[in-house]
>>> print(open('start-v9.cif').read())   # mmCIF, C-alpha atoms
data_target
loop_
_atom_site.label_atom_id
_atom_site.label_comp_id
_atom_site.auth_asym_id
_atom_site.auth_seq_id
_atom_site.Cartn_x
_atom_site.Cartn_y
_atom_site.Cartn_z
CA MET A 294 25.57 -103.05 35.94
CA LYS A 295 28.39 -103.24 33.40
CA GLU A 296 31.34 -100.83 33.16
CA SER A 297 30.18 -99.38 29.86
CA TYR A 298 27.26 -99.23 27.42
CA ASP A 299 26.58 -97.76 24.04
CA VAL A 300 23.75 -95.68 25.46
CA ILE A 301 22.74 -94.63 28.98
CA VAL A 302 19.25 -93.20 29.44
CA VAL A 303 18.73 -91.17 32.62
CA GLY A 304 15.10 -91.31 33.73
CA GLY A 305 12.46 -94.04 33.46
CA GLY A 306 9.39 -92.02 32.44
CA PRO A 307 7.69 -92.45 29.05
CA ALA A 308 10.40 -90.53 27.15
CA GLY A 309 13.26 -92.51 28.67
CA ALA A 310 11.55 -95.87 28.32
CA VAL A 311 10.77 -95.34 24.64
CA ALA A 312 14.25 -93.94 23.86
CA ALA A 313 15.88 -96.93 25.57
CA ARG A 314 13.68 -99.36 23.69
CA PHE A 315 14.29 -97.86 20.24
CA ALA A 316 18.04 -97.64 20.87
CA ALA A 317 18.11 -101.31 21.91
CA GLU A 318 15.97 -102.38 18.96
CA GLY A 319 18.45 -100.56 16.74
CA GLY A 320 21.21 -102.81 18.09
CA ALA A 321 22.73 -100.66 20.86
CA SER A 322 23.54 -101.88 24.37
CA VAL A 323 21.41 -99.74 26.68
CA LEU A 324 21.24 -98.93 30.39
CA LEU A 325 18.16 -97.19 31.81
CA ILE A 326 18.36 -95.70 35.30
CA GLU A 327 15.54 -94.34 37.43
CA LYS A 328 16.21 -92.50 40.67
CA ARG A 329 12.91 -93.41 42.26
CA GLN A 330 12.26 -96.66 44.00
CA GLU A 331 9.65 -97.63 41.47
CA ILE A 332 8.77 -96.83 37.88
CA GLY A 333 5.66 -94.69 37.52
CA ASP A 334 5.39 -93.27 41.02
CA PRO A 335 4.79 -90.59 42.16
CA VAL A 336 2.54 -89.33 39.36
CA ARG A 337 3.16 -85.74 38.26
CA CYS A 338 0.66 -85.61 35.44
CA ALA A 339 -3.01 -85.08 34.59
CA GLU A 340 -2.72 -88.36 32.64
CA GLY A 341 -4.56 -87.29 29.49
CA VAL A 342 -3.29 -88.45 26.09
CA GLY A 343 -4.69 -88.58 22.56
CA THR A 344 -5.26 -92.05 21.13
CA LYS A 345 -3.61 -91.19 17.80
CA GLU A 346 -0.28 -93.00 17.22
CA LEU A 347 -0.30 -94.49 20.71
CA ASP A 348 -0.27 -98.08 19.40
CA LYS A 349 3.16 -97.48 17.94
CA TYR A 350 4.60 -97.28 21.45
CA ILE A 351 2.53 -99.64 23.55
CA ASP A 352 0.11 -102.53 23.18
CA GLU A 353 -3.29 -101.37 24.31
CA ASP A 354 -4.20 -102.85 27.66
CA PRO A 355 -7.31 -101.97 29.72
CA ARG A 356 -5.17 -102.02 32.87
CA TRP A 357 -3.64 -98.62 32.08
CA ILE A 358 -6.76 -97.00 30.62
CA ALA A 359 -8.69 -95.30 33.41
CA ALA A 360 -11.25 -93.71 31.08
CA PRO A 361 -11.84 -93.38 27.32
CA ILE A 362 -12.68 -89.75 26.49
CA LYS A 363 -15.24 -88.68 23.89
CA GLY A 364 -15.73 -85.00 24.56
CA ALA A 365 -14.69 -81.83 26.35
CA THR A 366 -16.45 -78.87 27.92
CA LEU A 367 -14.67 -75.51 28.19
CA TYR A 368 -15.85 -72.98 30.76
CA VAL A 369 -15.04 -69.27 30.70
CA PRO A 370 -15.14 -67.23 33.94
CA ASP A 371 -18.82 -66.16 33.72
CA GLY A 372 -19.87 -69.81 33.51
CA THR A 373 -20.60 -69.90 29.76
CA SER A 374 -19.74 -73.36 28.50
CA LEU A 375 -18.61 -74.65 25.14
CA LYS A 376 -19.31 -78.32 24.56
CA MET A 377 -17.18 -80.23 22.11
CA ARG A 378 -18.02 -83.78 21.02
CA SER A 379 -17.28 -85.91 18.03
CA GLY A 380 -20.04 -86.38 15.45
CA ASN A 381 -19.62 -90.12 15.95
CA PRO A 382 -20.80 -91.10 19.44
CA ASP A 383 -18.41 -94.09 19.50
CA HIS A 384 -15.31 -92.08 18.67
CA VAL A 385 -12.73 -92.16 21.46
CA TYR A 386 -10.20 -89.40 20.93
CA GLY A 387 -8.25 -89.67 24.13
CA TYR A 388 -7.57 -91.67 27.26
CA ILE A 389 -7.07 -90.71 30.85
CA LEU A 390 -4.32 -93.10 31.85
CA GLU A 391 -3.17 -94.88 34.97
CA ARG A 392 0.34 -93.53 34.58
CA LYS A 393 1.70 -95.84 37.25
CA LEU A 394 0.78 -98.83 35.06
CA PHE A 395 1.37 -97.13 31.71
CA ASP A 396 4.94 -96.15 32.62
CA ARG A 397 5.67 -99.65 33.86
CA ALA A 398 4.33 -101.19 30.67
CA LEU A 399 6.63 -98.94 28.62
CA VAL A 400 9.68 -99.85 30.69
CA GLU A 401 8.77 -103.54 30.51
CA LYS A 402 8.64 -103.24 26.74
CA ALA A 403 12.11 -101.70 26.83
CA ALA A 404 13.32 -104.50 29.08
CA TYR A 405 12.05 -107.10 26.59
CA SER A 406 14.09 -105.36 23.91
CA GLY A 407 17.23 -105.99 25.93
CA VAL A 408 17.51 -102.75 27.96
CA GLU A 409 19.11 -103.11 31.40
CA VAL A 410 17.01 -101.33 34.03
CA TYR A 411 17.89 -100.14 37.52
CA THR A 412 15.64 -98.26 39.93
CA LYS A 413 16.84 -96.33 42.98
CA ALA A 414 19.78 -95.33 40.80
CA SER A 415 20.44 -91.61 40.35
CA ALA A 416 22.78 -89.70 38.11
CA THR A 417 25.03 -87.42 40.16
CA GLY A 418 27.10 -86.06 37.28
CA LEU A 419 28.44 -86.72 33.80
CA ILE A 420 31.81 -87.92 32.57
CA ILE A 421 32.90 -85.20 30.14
CA GLU A 422 36.17 -85.52 28.20
CA ASP A 423 37.38 -83.17 25.47
CA GLY A 424 33.97 -81.53 25.31
CA LYS A 425 32.10 -84.78 24.78
CA VAL A 426 29.82 -86.59 27.20
CA ASN A 427 31.31 -90.03 27.80
CA GLY A 428 29.23 -91.47 30.59
CA VAL A 429 27.31 -90.95 33.81
CA LYS A 430 28.24 -90.91 37.48
CA ILE A 431 25.63 -93.15 39.05
CA LYS A 432 24.75 -93.51 42.71
CA ARG A 433 22.84 -96.61 43.59
CA LEU A 434 22.09 -97.78 47.13
CA GLY A 435 24.80 -95.52 48.50
CA GLU A 436 27.48 -96.72 46.08
CA GLU A 437 28.87 -94.35 43.44
CA LYS A 438 30.21 -95.60 40.10
CA GLU A 439 31.34 -94.08 36.84
CA ILE A 440 29.68 -95.89 33.94
CA ARG A 441 30.89 -95.05 30.47
CA ALA A 442 28.66 -94.53 27.43
CA LYS A 443 29.02 -93.36 23.87
CA ILE A 444 25.77 -91.44 24.16
CA VAL A 445 23.80 -90.20 27.15
CA ILE A 446 20.10 -89.43 26.78
CA GLY A 447 18.70 -87.06 29.40
CA ALA A 448 15.10 -88.00 30.20
CA ASP A 449 15.31 -86.70 33.74
CA GLY A 450 12.16 -84.64 33.73
CA ILE A 451 11.43 -81.06 34.57
CA GLU A 452 14.15 -81.01 37.24
CA SER A 453 16.70 -82.12 34.61
CA LYS A 454 20.35 -81.83 35.53
CA VAL A 455 21.81 -83.84 32.67
CA GLY A 456 21.47 -80.98 30.21
CA ARG A 457 22.90 -78.42 32.62
CA TRP A 458 25.86 -80.66 33.44
CA ALA A 459 26.53 -80.90 29.71
CA GLY A 460 26.43 -77.12 29.32
CA ILE A 461 22.89 -76.83 27.93
CA ASP A 462 20.94 -74.29 29.95
CA THR A 463 17.59 -75.85 30.82
CA THR A 464 16.77 -73.52 33.72
CA LEU A 465 13.11 -72.52 33.41
CA LYS A 466 11.93 -68.94 33.74
CA LEU A 467 8.81 -68.31 35.82
CA LYS A 468 6.84 -67.31 32.72
CA ASP A 469 7.71 -70.67 31.17
CA ILE A 470 6.48 -73.00 33.89
CA GLU A 471 3.03 -73.88 35.12
CA SER A 472 2.99 -74.67 38.80
CA GLY A 473 0.54 -77.48 39.42
CA VAL A 474 -1.47 -79.31 42.05
CA GLN A 475 -3.84 -82.16 41.42
CA TYR A 476 -6.16 -84.24 43.55
CA LEU A 477 -7.43 -87.66 42.61
CA MET A 478 -10.99 -87.30 43.86
CA THR A 479 -13.76 -89.77 44.43
CA ASN A 480 -17.43 -89.48 45.34
CA ILE A 481 -17.95 -86.76 42.72
CA GLU A 482 -20.59 -86.13 40.02
CA ILE A 483 -19.04 -86.06 36.56
CA ASP A 484 -19.53 -87.40 33.03
CA ALA A 485 -17.11 -90.30 32.87
CA ASP A 486 -16.24 -89.75 29.19
CA ASN A 487 -16.02 -85.94 29.13
CA ILE A 488 -13.20 -83.71 30.32
CA GLU A 489 -13.86 -80.25 31.77
CA ILE A 490 -11.58 -77.23 31.46
CA TYR A 491 -12.07 -73.98 33.43
CA MET A 492 -10.30 -70.98 31.94
CA GLY A 493 -9.45 -67.52 33.15
CA ASN A 494 -7.89 -65.67 36.08
CA LYS A 495 -10.89 -66.41 38.26
CA TYR A 496 -9.96 -70.08 38.28
CA ALA A 497 -6.24 -70.15 37.49
CA PRO A 498 -4.19 -67.06 36.53
CA GLY A 499 -2.24 -67.89 33.38
CA GLY A 500 -3.39 -71.49 33.46
CA TYR A 501 -6.52 -73.56 33.84
CA VAL A 502 -8.35 -76.02 36.05
CA TRP A 503 -9.00 -79.48 34.66
CA ILE A 504 -11.31 -82.35 35.53
CA PHE A 505 -10.07 -85.51 33.87
CA PRO A 506 -12.34 -88.49 34.63
CA LYS A 507 -10.80 -91.73 35.78
CA GLY A 508 -13.99 -93.75 35.69
CA LYS A 509 -17.39 -93.28 37.26
CA ASN A 510 -17.41 -90.69 40.08
CA ARG A 511 -13.63 -90.45 40.07
CA ALA A 512 -11.31 -87.90 38.45
CA ASN A 513 -8.03 -86.03 38.43
CA VAL A 514 -9.00 -82.52 39.48
CA GLY A 515 -6.05 -80.24 39.00
CA ILE A 516 -4.73 -76.79 38.33
CA GLY A 517 -1.79 -75.23 36.56
CA LEU A 518 -0.94 -71.62 37.32
CA LEU A 519 1.75 -69.63 35.54
CA GLY A 520 4.89 -69.38 37.70
CA ASN A 521 5.10 -65.58 37.60
CA LYS A 522 1.47 -65.22 38.71
CA ASN A 523 2.02 -67.35 41.78
CA GLU A 524 1.98 -65.63 45.17
CA ASP A 525 1.54 -66.37 48.85
CA GLY A 526 -2.08 -67.13 49.66
CA LYS A 527 -2.84 -67.37 45.93
CA ARG A 528 -0.91 -70.46 45.08
CA PRO A 529 -2.25 -73.31 42.94
CA ILE A 530 -3.29 -75.23 46.02
CA ASP A 531 -5.35 -72.25 47.28
CA PHE A 532 -7.17 -71.85 43.95
CA LEU A 533 -7.78 -75.59 43.70
CA ASN A 534 -9.17 -75.83 47.21
CA LYS A 535 -11.57 -73.00 46.44
CA PHE A 536 -12.61 -74.69 43.21
CA ILE A 537 -13.39 -78.08 44.73
CA GLU A 538 -15.24 -76.52 47.64
CA ASN A 539 -17.76 -75.16 45.13
CA ARG A 540 -17.75 -77.91 42.54
CA PHE A 541 -17.34 -81.06 44.65
CA PRO A 542 -18.42 -80.30 48.23
CA ASN A 543 -18.82 -84.01 48.97
CA GLY A 544 -15.73 -85.16 47.09
CA LYS A 545 -12.93 -86.98 48.85
CA ILE A 546 -9.26 -86.68 48.01
CA ILE A 547 -7.51 -90.03 47.75
CA GLU A 548 -4.23 -88.89 46.21
CA MET A 549 -2.35 -85.58 45.94
CA ASN A 550 0.10 -84.78 43.16
CA TYR A 551 2.24 -81.70 42.69
CA GLY A 552 4.28 -80.78 39.67
CA GLY A 553 5.77 -78.25 37.32
CA ILE A 554 4.84 -78.21 33.66
CA PRO A 555 7.21 -76.62 31.15
CA VAL A 556 5.42 -74.25 28.75
CA SER A 557 8.45 -72.68 27.06
CA GLY A 558 7.85 -74.35 23.71
CA GLY A 559 11.07 -76.37 24.09
CA ILE A 560 14.68 -75.45 24.72
CA GLU A 561 16.56 -74.09 21.77
CA LYS A 562 19.15 -76.82 21.39
CA ILE A 563 18.32 -80.33 22.51
CA TYR A 564 21.57 -82.11 21.67
CA GLY A 565 25.33 -81.80 22.05
CA ASN A 566 28.46 -83.93 21.73
CA GLY A 567 27.41 -87.35 23.01
CA ILE A 568 24.14 -86.08 24.44
CA MET A 569 20.46 -85.67 23.64
CA LEU A 570 17.60 -84.36 25.81
CA ILE A 571 14.04 -85.63 25.49
CA GLY A 572 10.57 -85.15 26.97
CA ASP A 573 10.17 -82.72 29.88
CA ALA A 574 13.97 -82.52 30.26
CA ALA A 575 14.01 -80.71 26.90
CA GLN A 576 10.75 -78.89 27.76
CA LEU A 577 9.00 -80.66 24.92
CA THR A 578 5.44 -80.11 26.05
CA ASP A 579 2.62 -78.29 24.36
CA PRO A 580 2.72 -74.70 25.66
CA ILE A 581 -1.04 -74.11 25.51
CA THR A 582 -2.40 -77.45 26.74
CA GLY A 583 0.56 -78.47 28.89
CA GLY A 584 0.25 -81.98 27.46
CA GLY A 585 3.54 -83.81 27.13
CA ILE A 586 3.03 -87.56 27.03
CA LYS A 587 2.88 -87.80 23.25
CA HIS A 588 5.82 -85.39 22.98
CA ALA A 589 7.78 -87.66 25.31
CA LEU A 590 7.00 -90.71 23.19
CA TRP A 591 7.88 -88.96 19.93
CA SER A 592 11.12 -87.42 21.16
CA GLY A 593 12.06 -90.70 22.85
CA GLU A 594 11.63 -92.62 19.63
CA MET A 595 13.60 -90.07 17.63
CA ALA A 596 16.50 -89.84 20.08
CA GLY A 597 16.62 -93.62 20.59
CA THR A 598 16.70 -94.24 16.85
CA VAL A 599 19.35 -91.57 16.22
CA ALA A 600 21.42 -93.01 19.10
CA ALA A 601 21.34 -96.48 17.51
CA ASP A 602 22.27 -94.98 14.13
CA ALA A 603 25.16 -93.09 15.75
CA VAL A 604 26.44 -96.33 17.30
CA LYS A 605 26.32 -98.02 13.90
CA ALA A 606 28.11 -95.10 12.27
CA GLY A 607 30.61 -94.74 15.14
CA ASP A 608 29.87 -91.02 15.17
CA PHE A 609 28.65 -89.39 18.41
CA SER A 610 29.38 -85.82 17.46
CA GLU A 611 27.04 -82.92 17.79
CA LYS A 612 26.87 -82.81 14.01
CA PHE A 613 25.50 -86.33 13.79
CA LEU A 614 23.06 -85.95 16.69
CA LYS A 615 21.63 -82.79 15.17
CA LYS A 616 19.50 -85.17 13.12
CA TYR A 617 17.40 -85.69 16.26
CA GLN A 618 16.50 -82.02 16.58
CA LYS A 619 15.78 -81.78 12.86
CA GLU A 620 13.37 -84.70 13.09
CA TRP A 621 11.72 -83.20 16.14
CA GLU A 622 11.19 -79.89 14.39
CA SER A 623 9.77 -81.43 11.25
CA LYS A 624 7.30 -83.46 13.34
CA ALA A 625 6.25 -80.93 15.97
CA GLY A 626 8.02 -77.62 15.38
CA LYS A 627 5.15 -75.83 13.69
CA VAL A 628 2.54 -76.79 16.25
CA MET A 629 4.86 -75.91 19.14
CA LYS A 630 5.42 -72.48 17.61
CA ARG A 631 1.71 -71.91 17.06
CA ASP A 632 0.82 -73.03 20.56
CA LEU A 633 3.45 -70.77 22.09
CA ILE A 634 1.73 -67.84 20.35
CA LEU A 635 -1.59 -69.10 21.71
CA LYS A 636 -0.12 -69.35 25.21
CA ASN A 637 1.06 -65.74 25.11
CA TYR A 638 -2.35 -64.71 23.78
CA TYR A 639 -4.07 -66.61 26.58
CA ILE A 640 -1.94 -65.51 29.54
CA ASN A 641 -2.51 -61.85 28.67
CA MET A 642 -6.26 -62.25 28.26
CA SER A 643 -8.53 -60.65 30.87
CA ASP A 644 -11.55 -62.50 32.22
CA GLU A 645 -13.79 -59.98 30.43
CA GLU A 646 -12.12 -60.85 27.12
CA ALA A 647 -12.47 -64.55 27.84
CA ASN A 648 -16.18 -64.05 28.61
CA LYS A 649 -16.58 -62.17 25.34
CA ILE A 650 -15.07 -65.06 23.42
CA GLY A 651 -17.34 -67.44 25.31
CA LYS A 652 -20.39 -65.39 24.36
CA ALA A 653 -19.30 -65.14 20.73
CA LEU A 654 -18.86 -68.89 20.45
CA GLU A 655 -21.87 -69.86 22.53
CA GLY A 656 -24.37 -71.63 20.33
CA THR A 657 -21.77 -72.45 17.66
CA ASP A 658 -21.94 -76.09 16.62
CA MET A 659 -18.74 -77.51 18.03
CA THR A 660 -19.30 -81.04 16.86
CA GLY A 661 -15.97 -82.50 15.82
CA VAL A 662 -13.96 -79.76 17.52
CA LEU A 663 -11.61 -81.98 19.48
CA GLU A 664 -8.18 -80.53 18.92
CA VAL A 665 -6.48 -77.17 19.46
CA SER A 666 -6.24 -76.66 15.68
CA HIS A 667 -10.03 -76.93 15.36
CA LEU A 668 -10.57 -74.42 18.13
CA VAL A 669 -8.05 -72.00 16.61
CA LYS A 670 -10.04 -71.92 13.38
CA LEU A 671 -13.09 -70.77 15.34
CA LEU A 672 -11.12 -68.27 17.45
CA VAL A 673 -9.55 -66.44 14.52
CA LYS A 674 -13.01 -65.80 13.10
CA ILE A 675 -13.97 -63.76 16.15
CA ASP A 676 -10.57 -62.20 16.89
CA LYS A 677 -8.68 -60.88 13.89
CA LYS A 678 -5.75 -59.83 16.08
CA LEU A 679 -5.11 -63.49 16.82
CA LEU A 680 -5.16 -64.22 13.11
CA LEU A 681 -2.43 -61.63 12.62
CA LYS A 682 -0.36 -63.02 15.46
CA LEU A 683 -0.53 -66.51 14.09
CA GLY A 684 0.05 -65.58 10.49
CA ALA A 685 -2.49 -66.97 8.06
CA ASN A 686 -0.17 -69.73 6.89
CA GLU A 687 -0.16 -71.38 10.29
CA ILE A 688 -3.91 -71.72 10.51
CA GLY A 689 -4.25 -74.83 8.41
CA LEU A 690 -2.52 -76.92 11.06
CA MET B 207 18.48 -65.01 53.93
CA LYS B 208 18.48 -68.75 53.34
CA ILE B 209 15.68 -71.06 52.33
CA GLU B 210 14.30 -74.03 54.15
CA ILE B 211 12.07 -76.75 52.72
CA ASN B 212 9.09 -77.55 54.87
CA ARG B 213 9.02 -81.30 54.41
CA ASN B 214 5.54 -81.55 55.83
CA LYS B 215 4.21 -79.50 52.93
CA CYS B 216 6.60 -80.46 50.13
CA GLY B 217 5.39 -82.97 47.55
CA TYR B 218 8.89 -83.32 45.98
CA CYS B 219 7.65 -82.36 42.52
CA GLY B 220 10.86 -80.64 41.47
CA ALA B 221 9.31 -77.40 40.16
CA CYS B 222 11.75 -75.46 42.38
CA VAL B 223 14.71 -77.43 41.03
CA SER B 224 13.76 -76.56 37.46
CA VAL B 225 13.86 -72.78 38.06
CA CYS B 226 16.96 -72.67 40.30
CA PRO B 227 19.66 -70.75 38.40
CA THR B 228 22.58 -72.02 40.52
CA LEU B 229 21.89 -75.79 40.73
CA ALA B 230 21.53 -75.36 44.50
CA LEU B 231 18.46 -77.59 44.66
CA ASP B 232 18.25 -81.27 43.92
CA LEU B 233 15.25 -83.59 43.85
CA LYS B 234 16.24 -86.79 45.58
CA GLU B 235 13.77 -89.63 45.77
CA VAL B 236 11.29 -88.06 48.16
CA TRP B 237 12.92 -84.85 49.31
CA ILE B 238 14.60 -81.70 48.06
CA ASP B 239 18.26 -81.17 48.95
CA VAL B 240 19.50 -77.61 49.38
CA ASP B 241 23.18 -76.83 48.84
CA GLU B 242 23.61 -73.65 50.88
CA ASN B 243 27.00 -72.98 49.30
CA LEU B 244 25.39 -72.65 45.88
CA CYS B 245 22.16 -70.88 46.89
CA ASN B 246 22.22 -67.15 46.12
CA SER B 247 18.94 -66.45 47.96
CA CYS B 248 17.16 -65.27 44.81
CA MET B 249 13.94 -66.88 46.11
CA ILE B 250 12.67 -67.84 42.66
CA CYS B 251 12.03 -71.32 44.09
CA ARG B 252 9.75 -69.85 46.75
CA LYS B 253 7.79 -68.13 44.03
CA VAL B 254 7.14 -71.23 41.89
CA CYS B 255 6.26 -73.72 44.64
CA PRO B 256 2.64 -74.86 44.11
CA VAL B 257 2.01 -75.34 47.82
CA GLY B 258 4.27 -72.83 49.57
CA ALA B 259 6.64 -75.40 51.03
CA ILE B 260 9.73 -73.21 50.68
CA GLU B 261 10.22 -70.93 53.64
CA VAL B 262 12.79 -68.35 54.64
CA LYS B 263 15.10 -69.70 57.30
CA LYS B 264 15.17 -67.57 60.43
#
>>> encode(input="start-v9.cif", output="structure tokens")
Amino acid sequence: MKESYDVIVVGGGPAGAVAARFAAEGGASVLLIEKRQEIGDPVRCAEGVGTKELDKYIDEDPRWIAAPIKGATLYVPDGTSLKMRSGNPDHVYGYILERKLFDRALVEKAAYSGVEVYTKASATGLIIEDGKVNGVKIKRLGEEKEIRAKIVIGADGIESKVGRWAGIDTTLKLKDIESGVQYLMTNIEIDADNIEIYMGNKYAPGGYVWIFPKGKNRANVGIGLLGNKNEDGKRPIDFLNKFIENRFPNGKIIEMNYGGIPVSGGIEKIYGNGIMLIGDAAQLTDPITGGGIKHALWSGEMAGTVAADAVKAGDFSEKFLKKYQKEWESKAGKVMKRDLILKNYYINMSDEEANKIGKALEGTDMTGVLEVSHLVKLLVKIDKKLLLKLGANEIGL
Amino acid sequence: MKIEINRNKCGYCGACVSVCPTLALDLKEVWIDVDENLCNSCMICRKVCPVGAIEVKK
């Protein structure tokens, strides 16, 4: 480890890896630190990602694809199901990943671009001088060092401290976090190319249960439950255990993952003097689906590129780094806003209302309905109140 | 009233760290550190835990 770098990235998940790579490719000297012993483990993710734009960040490799996904089935509490498939039977619209291998591949790509990587290295604080972040206090194998940097990128996940140290409040409110448990299960009956989603308070108050296949007879079976609906005896793990008892009585659990998923729609300001926050650390996840891998890749690319530009320009001020937030908003701002409205609509919905929607949509041809925007178009037809909430101009998304 | 992490239940996911208003919790590699000097016993961490690993210390 050197005494100083142009850019230090804290956190070796997808956001951090991509940010580090794009900064290095833009000519910056970059250090990437990961507090865990290994990149990619433990998994805190349902591992689903859309195929669109993925090839920009990683070379496709069957090693990190657990299952190509061609369809989805949504269940409402009374058991009514809505089946969504592409019109083209060969169309793969998403993957369930092996995050352990995917994350490693992303960090390896960063390493090939010249990024220095250290695992078992945690940030314990920031160097802040005259209101600007100038480096990171790093503890590695019991030894603490101050490493200087012109820009620090916080990619330190949901438990992010980097932002808070820099004066950006990233503390999540209970209504803005899904509390999650997931089992990797085997010996189960599923369609290997179809995901299943179970909605409503019966299954997961303020959240949903997912079955994401990871090959034949194997899947991530998980639950997210809104933080403020969590209570003793009715925690995510209790709901999930009840669910698998009914759905997969012969299933075996071969891995357990816990995690929090930000559903705030993103923190208000994701940059400061000498600092940018990306991925989960900036709460850049979709508030209705909880998906965040693509958001991590996008925000990583933007922050990495802006960091390299800042190094070239010799300007690390808030004013310069604002470009990152502007780019983020022009790429994802509208959808994040829409999906936050959808989240608030969903968490206040009773099971009876959800059943009604299920009944109204039952029998509708849902061929080609594979994204939230497609589903919204159907929903607003049966619920005019939702149309009003969204504002007609947002619907075209 | 102080909190205690039941390490036998905890899956060190960090959900509790993300909601802690006083930076009293820290996710180390495979455990959660509690700084009792910073903890204000608000118990929001107990509420969010997906598995109920945060207990009240007797």
>>> resolve_selection(input="start-v9.cif", expression="the PyMOL selection byres ((chain B and resi 243-253) around 6)", output="list in words")
Lys208, Cys222, Ala230, Asp241, Glu242, Val254, Cys255 and Ile260 of chain B
>>> write_last_selection(input="start-v9.cif", atoms="C-alpha atoms", output="PDB file, in the frame of the given file")
ATOM      1  CA  LYS B 208      18.480 -68.750  53.340  1.00  0.00           C
ATOM      2  CA  CYS B 222      11.750 -75.460  42.380  1.00  0.00           C
ATOM      3  CA  ALA B 230      21.530 -75.360  44.500  1.00  0.00           C
ATOM      4  CA  ASP B 241      23.180 -76.830  48.840  1.00  0.00           C
ATOM      5  CA  GLU B 242      23.610 -73.650  50.880  1.00  0.00           C
ATOM      6  CA  VAL B 254       7.140 -71.230  41.890  1.00  0.00           C
ATOM      7  CA  CYS B 255       6.260 -73.720  44.640  1.00  0.00           C
ATOM      8  CA  ILE B 260       9.730 -73.210  50.680  1.00  0.00           C
TER       9      ILE B 260
END
>>> closest_residue(input="start-v9.cif", among="A:Gly473, A:Gly456, A:Gly309, A:Gly626", to="Val323 (chain A)", atoms="all atoms listed in the file")
A:Gly309
>>> closest_residue(input="start-v9.cif", among="A:Asp676, A:Phe315, A:Asp525, A:Ser379", to="Glu261 (chain B)", atoms="all atoms listed in the file")
A:Asp525
>>> residues_near_point(input="start-v9.cif", point="(27.8, -93.6, 40.9)", cutoff="10 Å", atoms="only C-alpha atoms", output="mmCIF file with C-alpha atoms, keeping the file's coordinate frame")
data_model
loop_
_atom_site.group_PDB
_atom_site.id
_atom_site.type_symbol
_atom_site.label_atom_id
_atom_site.label_comp_id
_atom_site.auth_asym_id
_atom_site.auth_seq_id
_atom_site.Cartn_x
_atom_site.Cartn_y
_atom_site.Cartn_z
ATOM 1 C CA ALA A 414 19.780 -95.330 40.800
ATOM 2 C CA SER A 415 20.440 -91.610 40.350
ATOM 3 C CA ALA A 416 22.780 -89.700 38.110
ATOM 4 C CA THR A 417 25.030 -87.420 40.160
ATOM 5 C CA GLY A 418 27.100 -86.060 37.280
ATOM 6 C CA LEU A 419 28.440 -86.720 33.800
ATOM 7 C CA VAL A 429 27.310 -90.950 33.810
ATOM 8 C CA LYS A 430 28.240 -90.910 37.480
ATOM 9 C CA ILE A 431 25.630 -93.150 39.050
ATOM 10 C CA LYS A 432 24.750 -93.510 42.710
ATOM 11 C CA ARG A 433 22.840 -96.610 43.590
ATOM 12 C CA LEU A 434 22.090 -97.780 47.130
ATOM 13 C CA GLY A 435 24.800 -95.520 48.500
ATOM 14 C CA GLU A 436 27.480 -96.720 46.080
ATOM 15 C CA GLU A 437 28.870 -94.350 43.440
ATOM 16 C CA LYS A 438 30.210 -95.600 40.100
ATOM 17 C CA GLU A 439 31.340 -94.080 36.840
ATOM 18 C CA ILE A 440 29.680 -95.890 33.940
#
>>> interface_residues(input="start-v9.cif", of="chain B", to="chain A", cutoff="10 Å", atoms="all atoms listed in the file", output="PyMOL selection string")
chain B and resi 216-229+231-236+250-258
>>> closest_residue(input="start-v9.cif", among="A:Ile568, A:Val669, A:Met492, A:Ile547", to="Asn648 (chain A)", atoms="all atoms listed in the file")
A:Met492
>>> residues_around(input="start-v9.cif", residues="region 362-377 of chain A", least_positions_apart="3", cutoff="7 Å", atoms="all atoms listed in the file", output="ChimeraX atom specification")
/A:384-388,486-493,495,644,647-648,651,655,659-663
>>> closest_residue(input="start-v9.cif", among="A:Asp299, A:Glu646, A:Glu401, A:Asp579", to="Asn427 (chain A)", atoms="only C-alpha atoms")
A:Asp299
>>> atom_distance(input="start-v9.cif", atom1="CA of Lys615 (chain A)", atom2="CA of Gly306 (chain A)")
23.1 Å
>>> atom_distance(input="start-v9.cif", atom1="CA of Pro542 (chain A)", atom2="CA of Tyr501 (chain A)")
19.9 Å
>>> residues_around(input="start-v9.cif", residues="Lys264 (chain B)", least_positions_apart="2", cutoff="9 Å", atoms="all atoms listed in the file", output="PDB file with C-alpha atoms, in the coordinates of the input")
ATOM      1  CA  MET B 207      18.480 -65.010  53.930  1.00  0.00           C
ATOM      2  CA  LYS B 208      18.480 -68.750  53.340  1.00  0.00           C
ATOM      3  CA  ILE B 209      15.680 -71.060  52.330  1.00  0.00           C
ATOM      4  CA  VAL B 262      12.790 -68.350  54.640  1.00  0.00           C
TER       5      VAL B 262
END
>>> residues_near_point(input="start-v9.cif", point="(-4.1, -60.7, 21.6)", cutoff="8 Å", atoms="all atoms listed in the file", output="PyMOL selection string")
chain A and resi 638-639+641-642+678-679+682
